[in-house]
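All remarks here apply to the structure that follows.
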Amino acid sequence: GAVVSQHPSWVICKSGTSVKIECRSLDFQATTMFWYRQFPKQSLMLMATSNEGSKATYEQGVEKDKFLINHASLTLSTLTVTSAHPEDSSFYICSAVQGAVEAFFGQGTRLTVV
Amino acid sequence: GQNIDQPTEMTATEGAIVQINCTYQTSGFNGLFWYQQHAGEAPTFLSYNVLDGLEEKGRFSSFLSRSKGYSYLLLKELQMKDSASYLCAVRGLSGYSTLTFGKGTMLLVSP
């Protein structure tokens, strides 16, 4: 199946700093990628839809100025958590769709803000 | 809006069969997915149903009834490594790829 690579796998940062997470589709082109957040024992919550060459579409309640998404190419989308706070600590996962059916997920990024 | 319900936890023994149910109420329907997620890892795709009926894939089968808003995932010949969270996800009509996930069912397989 298709491969989606997410980096880093885990990161610890100080409160107030920014963290960038990368999501790459390794063997296919993804015009659309999705960013999810998952708190412990909770479901995946869609944060935003990242579209290549255009602005991301954010879900209700997600601050677009805090979670900056850039989809500069057909194989790369980045999520930057700006001015991170402890409540932003979570598991962030990206996914990309190949064709019209399957969504392939990156490995996830465990963010801990201290 | 979307509302997806599945049991929180289930237990079963090695070698047994287990069925995980999922009911959904959505404003539109364009397919139902099942994913497996081990703790701290990303979900992996298991199955996809868009028409009514049963889809079989090795030890895993998934069933869909669109009129009832109901699906189940059937796992046969359970193995210890099947202990994981199983996520039911529905694709609506708003954005062909946008998935709404249920909270997941934690399956614990014991010897």
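Identifiers in the structure tokens: chain A, B, ... in order shown; residue index from 1 per chain; ligand index from 1 in order shown.
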With a cut-off of 12 Å, could you pull out the residues of chain A touching chain B and give me the nearest pair of atoms for each, distance in Å to one decimal, using only C-alpha atoms, ordered by chain and ascending number, as CSV?
```
residue,atom,partner,partner_atom,distance
A:Gly1,CA,B:Phe45,CA,9.8
A:Ala2,CA,B:Phe45,CA,11.0
A:Val3,CA,B:Thr44,CA,11.1
A:Val4,CA,B:Ala42,CA,10.6
A:Ser5,CA,B:Ala42,CA,10.8
A:Gln6,CA,B:Ala42,CA,10.1
A:Ser9,CA,B:Glu41,CA,9.6
A:Trp10,CA,B:Gly40,CA,10.4
A:Ala30,CA,B:Ser97,CA,11.6
A:Thr31,CA,B:Ser97,CA,11.2
A:Thr32,CA,B:Ser97,CA,8.5
A:Met33,CA,B:Ser97,CA,9.2
A:Phe34,CA,B:Thr98,CA,8.0
A:Trp35,CA,B:Thr98,CA,10.6
A:Tyr36,CA,B:Leu99,CA,10.3
A:Arg37,CA,B:Ala42,CA,11.0
A:Gln38,CA,B:Gly40,CA,10.0
A:Phe39,CA,B:Gly40,CA,10.6
A:Pro40,CA,B:Gly40,CA,9.2
A:Lys41,CA,B:Lys103,CA,8.0
A:Gln42,CA,B:Lys103,CA,5.8
A:Ser43,CA,B:Lys103,CA,4.2
A:Leu44,CA,B:Phe101,CA,6.2
A:Met45,CA,B:Phe101,CA,7.3
A:Leu46,CA,B:Thr100,CA,7.5
A:Met47,CA,B:Thr98,CA,10.9
A:Ala48,CA,B:Thr98,CA,9.7
A:Thr49,CA,B:Thr98,CA,8.1
A:Ser50,CA,B:Thr98,CA,11.1
A:Asn51,CA,B:Gly95,CA,11.6
A:Thr57,CA,B:Gly95,CA,10.6
A:Tyr58,CA,B:Thr98,CA,12.0
A:Glu59,CA,B:Thr98,CA,11.0
A:Ser90,CA,B:Gly40,CA,10.7
A:Phe91,CA,B:Gly40,CA,7.9
A:Tyr92,CA,B:Ala42,CA,9.3
A:Ile93,CA,B:Ala42,CA,6.9
A:Cys94,CA,B:Ala42,CA,8.9
A:Ser95,CA,B:Ala42,CA,9.4
A:Ala96,CA,B:Ser97,CA,9.0
A:Val97,CA,B:Ser97,CA,7.1
A:Gln98,CA,B:Ser97,CA,9.8
A:Gly99,CA,B:Ser97,CA,9.6
A:Ala100,CA,B:Ser97,CA,7.1
A:Val101,CA,B:Ser97,CA,7.6
A:Glu102,CA,B:Phe45,CA,7.4
A:Ala103,CA,B:Phe45,CA,7.5
A:Phe104,CA,B:Phe45,CA,7.2
A:Phe105,CA,B:Ala42,CA,6.1
A:Gly106,CA,B:Ala42,CA,6.3
A:Gln107,CA,B:Ala42,CA,5.0
A:Gly108,CA,B:Ala42,CA,5.6
A:Thr109,CA,B:Glu41,CA,9.0
A:Arg110,CA,B:Gly40,CA,8.1
A:Leu111,CA,B:Gly40,CA,11.6
```
Once DSSP has gone over the backbone, tell me which residues of stretch 13-101 of chain B are in strand (DSSP E), as a PyMOL selection string. chain B and resi 13+18-26+32-37+44-49+53-57+60-65+70-75+84-91+99-101
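Separating atom CA of B:Lys57 from atom CA of A:Ser25 is a distance of 25.5 Å.
If you look at atom CA of B:Asp82 and atom CA of B:Asn3, they are 26.0 Å away from each other.
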